[in-house]
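What follows is a set of notes on a single structure, which appears directly below.
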Amino acid sequence: MTAGTPGGVRRIALVTDFGPGPYVGQVRLVLDALLPGLPVVSLVSDLAPFRPDLAAYLLPALVRDTPAGTLFLCVVDPGVGGERALLALEADGRWFVGPDNGLLATVARRARHLHALRVGWQPVRFSQSFHGRDLFAPIAARICGGEDLQGDRLDGPSLVGWDWPDDLARVVYVDAYGNLISGARADRLDPQARLSVAGVDIPWARTFCEAPPGSAFWYENAFGLVEIAVNQGRADRVLGLGPGSDLPLCPG
Amino acid sequence: MTAGTPGGVRRIALVTDFGPGPYVGQVRLVLDALLPGLPVVSLVSDLAPFRPDLAAYLLPALVRDTPAGTLFLCVVDPGVGGERALLALEADGRWFVGPDNGLLATVARRARHLHALRVGWQPVRFSQSFHGRDLFAPIAARICGGEDLQGDRLDGPSLVGWDWPDDLARVVYVDAYGNLISGARADRLDPQARLSVAGVDIPWARTFCEAPPGSAFWYENAFGLVEIAVNQGRADRVLGLGPGSDLPLCPG
Amino acid sequence: MTAGTPGGVRRIALVTDFGPGPYVGQVRLVLDALLPGLPVVSLVSDLAPFRPDLAAYLLPALVRDTPAGTLFLCVVDPGVGGERALLALEADGRWFVGPDNGLLATVARRARHLHALRVGWQPVRFSQSFHGRDLFAPIAARICGGEDLQGDRLDGPSLVGWDWPDDLARVVYVDAYGNLISGARADRLDPQARLSVAGVDIPWARTFCEAPPGSAFWYENAFGLVEIAVNQGRADRVLGLGPGSDLPLCPG
């Protein structure tokens with residue numbers, strides 16, 4: 001992990017299903033003590049709980065337009081305390097730390113340049129249930145400091161989720177407006193295709209203000225994903241869909 | 001915009017309807033890359049979605065007691081991607097960036113000293129649906145750096161919303177306790193007036209601990225607005241009201 | 001308060017029931033102006049509203065594994081604007097500021113070294129309803145600056161809540177996953193005891209991945225508290241419990 005030298009990381013972004021409670025704050029306090037002065041941003045904390053299979057397809061889209069030099073500390077980890085490995089990746093100028101449960105698989109698979117490590121280093125003491133605070137945050141700090149992770153180099157195909165589909169035709173995230181974000185990149189779909197979802201015809205629009213208020217449409221969102229929305233309304237309620245729902249998308 | 005010289009802005013405050021998801025985090029990552037070291041605070045992220053007409057009356061109240069030297073990046077923008085203009089204001093030692101849809105109108109109208117620009121500068125590439133990240137954040141960075149916004153100077157009356165009422169007799173925000181915050185300044189009401197809302201008599205109280213637990217009262221909140229609350233209860237549920245509900249206030 | 005000298009505080013953590021709205025942001029803006037450059041982390045903002053009696057037992061658990069040099073600004077304050085005193089504590093290398101309503105009592109009672117002050121200093125102007133922004137934040141800033149708090153030294157037993165039980169056999173917090181966090185330290189319970197809650201048998205497990213998906217178990221959480229959870233499910237819904245619910249725990 002050659003880029004993990006001191007000074008290579010300019011900021012840390014947290015990507016979790018921790019919700020609004022104290023878990024993000026505890027990770028922040030630990031990082032502030034380990035890495036004083038390094039900016040830490042909670043990029044997203046309300047990923048669908050326990051669903052690394054969905055978050056795996058939102059993560060690379062969220063990352064796409066973020067500045068280089070960022071380390072993403074990623075925790076959606078229903079198997080915490082079990083046998084799953086701890087990963088550290090360097091992918092195209094960004095770093096990723098998280099569990100080997102598929103969460104980082106899509107980022108890894110799409111990378112042009114990938115260095116993947118199974119992390120062997122552990123602190124002396126850590127809890128069984130909060131590895132974000134007790135393992136992943138200290139591992140992130142070691143990457144920032146250029147310290148040895150005592151890792152085994154991994155080939156991409158040995159990562160959990162490497163064999164998952166390229167894009168996912170499901171709802172992977174519902175935002176605060178009720179918009180349904182899919183796991184499929186918009187440039188894989190016929191441009192301006194009509195979709196049919198839950199018995200409703202869904203035309204394409206360039207953006208919100210081009211759709212009549214109250215009616216559903218799809219568009220390429222600001223992360224490059226197919227998103228189904230209702231102008232000034234909630235697509236999740238109009239269509240009765242949520243995280244994990246199938247979407248009949250036929251990538252072109 | 002003479003105050004937009006380097007060093008004039010001491011911190012950025014985000015004022016949005018983005019909710020708990022990744023949009024605030026993406027704006028933060030962009031700002032951290034553009035303006036390393038400048039403090040960024042998310043002042044409020046749960047404004048009523050798609051309602052600049054309500055947020056317009058909360059914004060100046062929230063701003064009133066904040067320190068000078070703050071730039072407010074404001075996004076409640078149902079018309080994103082359409083023809084509405086991009087605004088940059090300097091008002092009484094504070095800066096505001098946001099859409100010309102009324103969101104900034106009350107701040108502008110109440111300012112003693114106002115400089116308003118329609119921003120002409122645009123980055124080379126930006127999305128159609130996330131101007132907070134792709135336009136307003138870079139515009140904020142240009143203000144911080146004292147760079148040219150390629151703007152046309154505007155008169156106040158040409159701003160959308162300039163002709164809206166001085167105060168708004170509606171619920172503009174419901175807080176986490178269920179308190180109903182109105183768009184009316186308390187010093188415009190007869191002090192200690194009794195209100196009648198949804199058939200319930202609402203007496204005045206100085207603050208929470210002066211009202212019997214479970215009963216509704218109104219008071220001047222810490223932002224200077226008329227607020228209806230229930231001591232140790234939820235006024236929104238007791239009265240069945242929410243964002244946009246009419247309130248029979250008769251400013252004195 | 002000898003440790004309140006300039007430089008002694010390395011960061012501030014906010015512990016509140018303020019929710020997702022503008023109150024945390026306003027406190028942050030005030031602190032940024034008073035203490036430029038000092039890190040501020042919102043440790044938790046969704047404590048059960050109006051319930052210092054519950055938060056009192058979560059606070060020391062949250063604090064246990066946080067780095068030294070932290071000042072905790074704590075506000076769960078249904079009596080705001082009334083006669084309750086303002087407290088500043090120094091306890092085992094950490095500082096606490098908050099109302100004298102029991103919120104800080106468990107931290108104080110468990111401290112090996114406690115200095116407690118009733119704060120006499122007040123700013124010239126402050127609101128009746130937002131002491132977090134207008135009193136507690138400026139008091140925190142005075143502690144950071146080593147300034148006089150014009151305080152009366154208090155004995156522990158004179159604090160509100162000093163005589164409350166050592167542990168609390170109730171749900172004190174429900175997290176984003178629906179896990180039920182109790183106010184009882186796990187090392188006070190028979191290890192691996194079986195509990196019976198709401199008619200459901202609750203066995204012990206080391207952590208999530210050791211319990212069958214969908215079934216309830218209890219474990220020692222990452223804060224050292226007894227927590228009832230459902231692997232990949234919501235214990236609050238399965239058991240119909242929430243903040244304040246009794247839990248039949250029999251500390252050993």
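Ordering of the structure tokens sets the chain letters (A, B, ...), residue numbers begin anew at 1 in every chain, and ligands are numbered from 1 in the order given.
Every protein, DNA or RNA residue with an atom at most 7 Å from stretch 129-140 of chain B, where only C-alpha atoms count and chain neighbours fewer than 3 positions away do not, is listed here: A:Thr207, A:Asn221, A:Ala222, B:Gln26, B:Val27, B:Val30, B:Leu31, B:Leu73, B:Val75, B:Val80, B:Gly81, B:Val97, B:Gly98, B:Gln122, B:Phe126, B:Ile143, B:Cys144.
Residues within 9 Å of A:Val40, counting only C-alpha atoms and excluding same-chain residues fewer than 6 positions away, are Arg11, Ile12, Ala13, Leu14, Arg28, Leu31 and Asp32 of chain A.
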Any idea what's packed within 8 Å of B:Ala48, counting only C-alpha atoms, ignoring anything in its chain fewer than 2 positions away? Could you give it as an mmCIF file with C-alpha atoms, in the first residue's frame?
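Output file part21.cif is given in full below:
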data_model
loop_
_atom_site.group_PDB
_atom_site.id
_atom_site.type_symbol
_atom_site.label_atom_id
_atom_site.label_comp_id
_atom_site.auth_asym_id
_atom_site.auth_seq_id
_atom_site.Cartn_x
_atom_site.Cartn_y
_atom_site.Cartn_z
ATOM 1 C CA ASP B 17 -33.604 20.323 3.062
ATOM 2 C CA ASP B 46 -34.135 19.039 7.679
ATOM 3 C CA PHE B 50 -39.428 21.724 -1.587
ATOM 4 C CA ARG B 51 -40.681 24.683 0.518
ATOM 5 C CA LEU B 54 -41.488 28.488 4.450
ATOM 6 C CA ALA B 55 -37.706 28.356 4.897
ATOM 7 C CA VAL B 172 -42.511 27.062 8.914
ATOM 8 C CA TYR B 173 -40.655 24.302 10.795
ATOM 9 C CA PRO B 243 -45.151 22.578 8.033
#
Students should find that atom CA of A:Tyr23 and atom CA of C:Arg185 are spaced 18.4 Å
Long-range neighbours of A:Asp187 as a PDB file with N, CA, C and O atoms, in the first residue's frame, 10 Å cut-off, only C-alpha atoms, 2 positions minimum in chain:
ATOM      1  N   ALA A 184     -27.917   0.634 -10.544  1.00  0.00           N
ATOM      2  CA  ALA A 184     -27.555   0.529 -11.963  1.00  0.00           C
ATOM      3  C   ALA A 184     -27.077   1.872 -12.490  1.00  0.00           C
ATOM      4  O   ALA A 184     -27.739   2.903 -12.293  1.00  0.00           O
ATOM      5  N   ARG A 185     -25.947   1.855 -13.183  1.00  0.00           N
ATOM      6  CA  ARG A 185     -25.433   3.086 -13.792  1.00  0.00           C
ATOM      7  C   ARG A 185     -26.309   3.479 -14.981  1.00  0.00           C
ATOM      8  O   ARG A 185     -26.668   2.625 -15.805  1.00  0.00           O
ATOM      9  N   LEU A 189     -28.124   2.022 -19.490  1.00  0.00           N
ATOM     10  CA  LEU A 189     -29.515   1.904 -19.917  1.00  0.00           C
ATOM     11  C   LEU A 189     -29.685   2.634 -21.248  1.00  0.00           C
ATOM     12  O   LEU A 189     -28.983   3.595 -21.529  1.00  0.00           O
ATOM     13  N   ASP A 190     -30.629   2.186 -22.057  1.00  0.00           N
ATOM     14  CA  ASP A 190     -30.973   2.960 -23.249  1.00  0.00           C
ATOM     15  C   ASP A 190     -31.359   4.364 -22.804  1.00  0.00           C
ATOM     16  O   ASP A 190     -32.245   4.522 -21.949  1.00  0.00           O
ATOM     17  N   PRO A 191     -30.721   5.378 -23.371  1.00  0.00           N
ATOM     18  CA  PRO A 191     -31.099   6.724 -22.943  1.00  0.00           C
ATOM     19  C   PRO A 191     -32.568   6.983 -23.260  1.00  0.00           C
ATOM     20  O   PRO A 191     -33.057   6.593 -24.308  1.00  0.00           O
ATOM     21  N   GLU A 220     -30.927  10.312 -14.702  1.00  0.00           N
ATOM     22  CA  GLU A 220     -29.565  10.010 -14.253  1.00  0.00           C
ATOM     23  C   GLU A 220     -29.244  10.943 -13.112  1.00  0.00           C
ATOM     24  O   GLU A 220     -29.182  12.163 -13.296  1.00  0.00           O
ATOM     25  N   GLY A 224     -24.616   9.442 -11.151  1.00  0.00           N
ATOM     26  CA  GLY A 224     -24.537   8.598 -12.346  1.00  0.00           C
ATOM     27  C   GLY A 224     -25.431   7.377 -12.309  1.00  0.00           C
ATOM     28  O   GLY A 224     -25.370   6.536 -13.200  1.00  0.00           O
ATOM     29  N   LEU A 225     -26.304   7.261 -11.295  1.00  0.00           N
ATOM     30  CA  LEU A 225     -27.168   6.083 -11.168  1.00  0.00           C
ATOM     31  C   LEU A 225     -28.578   6.380 -11.691  1.00  0.00           C
ATOM     32  O   LEU A 225     -29.023   7.529 -11.705  1.00  0.00           O
ATOM     33  N   VAL A 226     -29.274   5.308 -12.103  1.00  0.00           N
ATOM     34  CA  VAL A 226     -30.694   5.415 -12.428  1.00  0.00           C
ATOM     35  C   VAL A 226     -31.452   5.688 -11.138  1.00  0.00           C
ATOM     36  O   VAL A 226     -31.320   4.945 -10.148  1.00  0.00           O
ATOM     37  N   PRO A 251     -30.414  -3.138 -18.714  1.00  0.00           N
ATOM     38  CA  PRO A 251     -29.255  -2.401 -19.219  1.00  0.00           C
ATOM     39  C   PRO A 251     -29.060  -2.666 -20.704  1.00  0.00           C
ATOM     40  O   PRO A 251     -29.139  -3.801 -21.162  1.00  0.00           O
ATOM     41  N   GLY A 252     -28.836  -1.602 -21.460  1.00  0.00           N
ATOM     42  CA  GLY A 252     -28.748  -1.693 -22.919  1.00  0.00           C
ATOM     43  C   GLY A 252     -27.404  -2.277 -23.373  1.00  0.00           C
ATOM     44  O   GLY A 252     -26.479  -2.359 -22.596  1.00  0.00           O
TER      45      GLY A 252
END
Kindly determine which residues of chain B lie within 6 Å of chain A, considering only C-alpha atoms, and give the answer as an MDAnalysis selection string.
chainID B and resid 19 21:22 25 79 127 130
Here's a check: after a least-squares fit over all in-order C-alpha atoms, write chain A in the frame of chain C, as a compact mmCIF listing (two decimals) with C-alpha atoms, in the first residue's frame.
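The result, written out as out.txt:
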# COMPACT_ATOMS: atom_id res chain seq x y z
CA MET A 1 -11.27 23.52 38.54
CA THR A 2 -7.53 23.36 38.13
CA ALA A 3 -7.51 21.48 34.83
CA GLY A 4 -9.57 24.21 33.20
CA THR A 5 -6.44 26.03 32.14
CA PRO A 6 -5.86 27.12 28.55
CA GLY A 7 -4.90 24.14 26.46
CA GLY A 8 -6.24 21.52 28.85
CA VAL A 9 -9.32 20.83 26.73
CA ARG A 10 -8.51 19.17 23.41
CA ARG A 11 -12.01 18.81 22.01
CA ILE A 12 -15.67 19.33 22.86
CA ALA A 13 -18.33 16.62 22.58
CA LEU A 14 -22.01 17.56 22.42
CA VAL A 15 -24.47 15.25 24.21
CA THR A 16 -28.06 16.38 23.64
CA ASP A 17 -31.68 15.58 22.86
CA PHE A 18 -31.69 18.35 20.22
CA GLY A 19 -32.53 16.07 17.28
CA PRO A 20 -31.60 16.68 13.64
CA GLY A 21 -32.65 20.34 13.51
CA PRO A 22 -30.83 23.67 13.88
CA TYR A 23 -29.98 23.57 17.59
CA VAL A 24 -26.78 21.56 17.27
CA GLY A 25 -25.74 23.78 14.37
CA GLN A 26 -26.34 26.98 16.33
CA VAL A 27 -24.27 25.68 19.24
CA ARG A 28 -21.51 24.76 16.78
CA LEU A 29 -21.50 28.24 15.22
CA VAL A 30 -21.23 29.86 18.67
CA LEU A 31 -18.40 27.52 19.70
CA ASP A 32 -16.57 28.10 16.42
CA ALA A 33 -16.62 31.85 17.07
CA LEU A 34 -15.59 31.51 20.74
CA LEU A 35 -13.02 28.75 20.27
CA PRO A 36 -11.70 28.89 16.71
CA GLY A 37 -9.87 25.72 15.72
CA LEU A 38 -11.05 23.56 18.63
CA PRO A 39 -12.63 20.32 17.35
CA VAL A 40 -16.31 19.89 18.19
CA VAL A 41 -18.01 16.52 17.76
CA SER A 42 -21.73 15.87 18.15
CA LEU A 43 -21.42 12.63 20.13
CA VAL A 44 -25.16 12.06 20.36
CA SER A 45 -28.09 14.36 19.53
CA ASP A 46 -31.05 11.98 19.72
CA LEU A 47 -31.29 11.17 23.41
CA ALA A 48 -34.86 10.56 24.57
CA PRO A 49 -36.40 14.07 24.80
CA PHE A 50 -36.95 15.51 28.29
CA ARG A 51 -35.45 12.44 30.05
CA PRO A 52 -32.28 13.31 31.97
CA ASP A 53 -33.18 10.38 34.26
CA LEU A 54 -32.44 7.99 31.36
CA ALA A 55 -29.54 9.85 29.74
CA ALA A 56 -27.77 9.89 33.12
CA TYR A 57 -27.03 6.17 32.69
CA LEU A 58 -26.01 6.28 29.02
CA LEU A 59 -23.61 9.18 29.47
CA PRO A 60 -20.90 7.47 31.58
CA ALA A 61 -21.02 4.45 29.27
CA LEU A 62 -20.53 6.62 26.18
CA VAL A 63 -17.73 8.49 27.93
CA ARG A 64 -15.88 5.38 29.13
CA ASP A 65 -13.98 4.68 25.91
CA THR A 66 -13.50 8.22 24.66
CA PRO A 67 -10.11 9.92 24.73
CA ALA A 68 -9.01 12.01 27.70
CA GLY A 69 -8.97 15.78 27.32
CA THR A 70 -12.60 15.95 26.19
CA LEU A 71 -15.18 18.42 27.50
CA PHE A 72 -18.73 17.10 27.33
CA LEU A 73 -21.38 19.77 26.82
CA CYS A 74 -24.56 17.99 27.97
CA VAL A 75 -28.09 19.28 27.49
CA VAL A 76 -31.26 17.33 28.27
CA ASP A 77 -33.05 20.04 30.08
CA PRO A 78 -36.85 20.09 30.43
CA GLY A 79 -36.49 22.68 33.20
CA VAL A 80 -34.72 25.23 30.99
CA GLY A 81 -35.44 28.77 32.10
CA GLY A 82 -36.35 27.63 35.63
CA GLU A 83 -34.42 27.52 38.88
CA ARG A 84 -32.18 24.53 38.29
CA ALA A 85 -28.49 25.33 38.68
CA LEU A 86 -25.77 25.22 36.03
CA LEU A 87 -23.02 22.69 36.72
CA ALA A 88 -19.39 22.36 35.70
CA LEU A 89 -17.66 19.14 36.71
CA GLU A 90 -14.17 17.83 36.38
CA ALA A 91 -14.18 14.06 36.69
CA ASP A 92 -11.12 11.87 36.11
CA GLY A 93 -9.55 14.05 33.44
CA ARG A 94 -12.73 14.99 31.64
CA TRP A 95 -14.98 18.03 31.94
CA PHE A 96 -18.75 18.17 31.95
CA VAL A 97 -21.09 21.15 31.63
CA GLY A 98 -24.86 20.81 31.99
CA PRO A 99 -27.95 21.40 34.08
CA ASP A 100 -28.22 20.17 37.69
CA ASN A 101 -31.16 17.86 36.98
CA GLY A 102 -29.55 14.44 37.37
CA LEU A 103 -28.07 14.29 33.87
CA LEU A 104 -24.50 14.42 35.24
CA ALA A 105 -25.19 12.56 38.51
CA THR A 106 -24.04 9.08 37.48
CA VAL A 107 -20.83 10.41 35.97
CA ALA A 108 -20.19 12.34 39.17
CA ARG A 109 -21.01 9.44 41.51
CA ARG A 110 -18.72 7.02 39.69
CA ALA A 111 -15.76 9.41 39.45
CA ARG A 112 -12.66 8.67 41.46
CA HIS A 113 -11.73 12.34 41.46
CA LEU A 114 -14.54 14.88 41.30
CA HIS A 115 -14.54 18.66 41.37
CA ALA A 116 -18.04 20.10 41.08
CA LEU A 117 -19.02 23.74 40.73
CA ARG A 118 -22.34 25.53 40.69
CA VAL A 119 -21.59 28.14 38.02
CA GLY A 120 -22.31 31.74 38.99
CA TRP A 121 -21.04 33.47 35.84
CA GLN A 122 -23.63 34.46 33.23
CA PRO A 123 -23.34 36.36 29.98
CA VAL A 124 -25.06 39.75 29.84
CA ARG A 125 -27.84 38.50 27.56
CA PHE A 126 -29.27 35.04 27.03
CA SER A 127 -32.55 33.49 25.95
CA GLN A 128 -34.99 31.77 28.31
CA SER A 129 -35.24 28.63 26.25
CA PHE A 130 -31.88 27.81 24.61
CA HIS A 131 -29.29 27.61 27.37
CA GLY A 132 -27.23 25.14 25.34
CA ARG A 133 -26.35 27.94 22.94
CA ASP A 134 -26.53 30.91 25.28
CA LEU A 135 -25.18 29.63 28.63
CA PHE A 136 -23.59 26.18 28.42
CA ALA A 137 -21.54 26.89 25.28
CA PRO A 138 -20.09 30.14 26.71
CA ILE A 139 -19.40 28.35 30.03
CA ALA A 140 -17.55 25.63 28.09
CA ALA A 141 -15.54 28.34 26.36
CA ARG A 142 -14.60 29.86 29.73
CA ILE A 143 -13.38 26.47 30.97
CA CYS A 144 -11.30 26.11 27.82
CA GLY A 145 -9.84 29.56 28.41
CA GLY A 146 -9.16 28.99 32.10
CA GLU A 147 -11.47 31.85 33.02
CA ASP A 148 -13.29 32.25 36.32
CA LEU A 149 -16.73 30.62 36.48
CA GLN A 150 -17.63 32.50 39.67
CA GLY A 151 -18.63 29.17 41.09
CA ASP A 152 -19.47 27.68 44.45
CA ARG A 153 -17.76 24.38 45.13
CA LEU A 154 -20.33 21.61 45.64
CA ASP A 155 -20.13 18.31 47.45
CA GLY A 156 -21.27 15.35 45.37
CA PRO A 157 -24.27 14.54 47.59
CA SER A 158 -25.74 17.98 46.97
CA LEU A 159 -26.13 17.23 43.23
CA VAL A 160 -29.62 16.37 42.00
CA GLY A 161 -29.66 12.61 41.30
CA TRP A 162 -26.74 11.72 43.58
CA ASP A 163 -29.12 9.35 45.45
CA TRP A 164 -30.39 7.62 42.30
CA PRO A 165 -29.61 3.88 41.93
CA ASP A 166 -26.16 2.76 40.82
CA ASP A 167 -27.57 1.11 37.69
CA LEU A 168 -30.96 1.52 36.02
CA ALA A 169 -32.98 -1.51 34.96
CA ARG A 170 -34.75 0.33 32.16
CA VAL A 171 -34.29 1.00 28.48
CA VAL A 172 -32.33 4.26 28.37
CA TYR A 173 -31.79 4.52 24.60
CA VAL A 174 -32.98 2.83 21.41
CA ASP A 175 -30.44 2.98 18.62
CA ALA A 176 -30.99 3.21 14.86
CA TYR A 177 -31.09 -0.59 14.53
CA GLY A 178 -33.81 -0.88 17.19
CA ASN A 179 -31.41 -2.24 19.81
CA LEU A 180 -32.54 -1.63 23.39
CA ILE A 181 -29.70 -0.22 25.49
CA SER A 182 -30.25 -0.52 29.23
CA GLY A 183 -28.88 1.58 32.05
CA ALA A 184 -27.27 -1.45 33.71
CA ARG A 185 -23.59 -2.34 33.43
CA ALA A 186 -23.13 -5.85 32.12
CA ASP A 187 -20.48 -6.73 34.68
CA ARG A 188 -23.14 -6.38 37.38
CA LEU A 189 -25.20 -9.20 35.88
CA ASP A 190 -24.52 -12.91 36.17
CA PRO A 191 -22.55 -13.65 33.03
CA GLN A 192 -24.59 -15.55 30.49
CA ALA A 193 -27.80 -15.19 32.55
CA ARG A 194 -31.08 -15.77 30.73
CA LEU A 195 -33.49 -12.87 30.87
CA SER A 196 -37.24 -12.84 30.39
CA VAL A 197 -38.54 -9.63 28.85
CA ALA A 198 -42.12 -9.01 27.74
CA GLY A 199 -42.78 -12.76 27.97
CA VAL A 200 -39.86 -13.60 25.70
CA ASP A 201 -36.89 -15.68 26.81
CA ILE A 202 -33.68 -13.77 26.09
CA PRO A 203 -30.47 -15.82 26.08
CA TRP A 204 -27.00 -14.35 26.25
CA ALA A 205 -24.71 -14.20 23.21
CA ARG A 206 -21.22 -12.87 22.74
CA THR A 207 -22.25 -10.77 19.75
CA PHE A 208 -24.67 -10.52 16.83
CA CYS A 209 -23.32 -13.18 14.54
CA GLU A 210 -23.74 -15.80 17.30
CA ALA A 211 -27.52 -15.34 17.49
CA PRO A 212 -29.93 -16.76 14.90
CA PRO A 213 -31.27 -14.04 12.58
CA GLY A 214 -34.60 -12.74 13.88
CA SER A 215 -34.28 -13.93 17.50
CA ALA A 216 -33.66 -11.74 20.55
CA PHE A 217 -30.56 -12.03 22.71
CA TRP A 218 -28.67 -9.89 25.20
CA TYR A 219 -25.00 -9.07 25.22
CA GLU A 220 -22.50 -6.67 26.71
CA ASN A 221 -22.41 -3.82 24.24
CA ALA A 222 -19.41 -1.78 23.24
CA PHE A 223 -20.14 0.69 26.04
CA GLY A 224 -20.24 -2.02 28.75
CA LEU A 225 -24.05 -1.94 29.13
CA VAL A 226 -26.61 -4.74 28.95
CA GLU A 227 -28.21 -4.46 25.50
CA ILE A 228 -31.07 -6.47 24.05
CA ALA A 229 -30.88 -6.96 20.29
CA VAL A 230 -32.26 -9.01 17.44
CA ASN A 231 -29.76 -10.18 14.86
CA GLN A 232 -30.73 -8.45 11.57
CA GLY A 233 -34.00 -7.31 13.14
CA ARG A 234 -35.42 -4.63 15.46
CA ALA A 235 -35.65 -5.54 19.15
CA ASP A 236 -37.83 -2.49 19.88
CA ARG A 237 -40.54 -3.78 17.53
CA VAL A 238 -40.15 -7.48 18.37
CA LEU A 239 -40.54 -6.76 22.09
CA GLY A 240 -42.69 -3.63 21.94
CA LEU A 241 -40.35 -1.62 24.18
CA GLY A 242 -38.92 1.88 24.08
CA PRO A 243 -37.12 4.51 26.16
CA GLY A 244 -38.11 4.21 29.81
CA SER A 245 -39.49 0.65 29.59
CA ASP A 246 -38.75 -1.51 32.63
CA LEU A 247 -36.33 -4.39 32.14
CA PRO A 248 -36.31 -7.26 34.65
CA LEU A 249 -32.57 -7.34 35.27
CA CYS A 250 -31.28 -8.74 38.55
CA PRO A 251 -27.73 -7.46 38.98
CA GLY A 252 -25.67 -10.30 40.47
Which parts of stretch 16-212 of chain C does DSSP call helix (DSSP H, G or I) when run on the backbone here, written out as a PyMOL selection string?
chain C and resi 22-34+52-64+105-110+131-145+156-158+186-188+208-210
Where does DSSP see strand (DSSP E) in stretch 26-244 of chain C, if you list the residues as JSON, numbers by chain?
{"C": [40, 41, 42, 43, 44, 70, 71, 72, 73, 74, 75, 86, 87, 88, 89, 90, 91, 94, 95, 96, 97, 98, 99, 114, 115, 116, 117, 118, 152, 153, 154, 168, 169, 170, 171, 172, 173, 174, 180, 181, 182, 183, 184, 185, 195, 196, 197, 200, 201, 202, 216, 217, 218, 219, 220, 225, 226, 227, 228, 229, 230]}
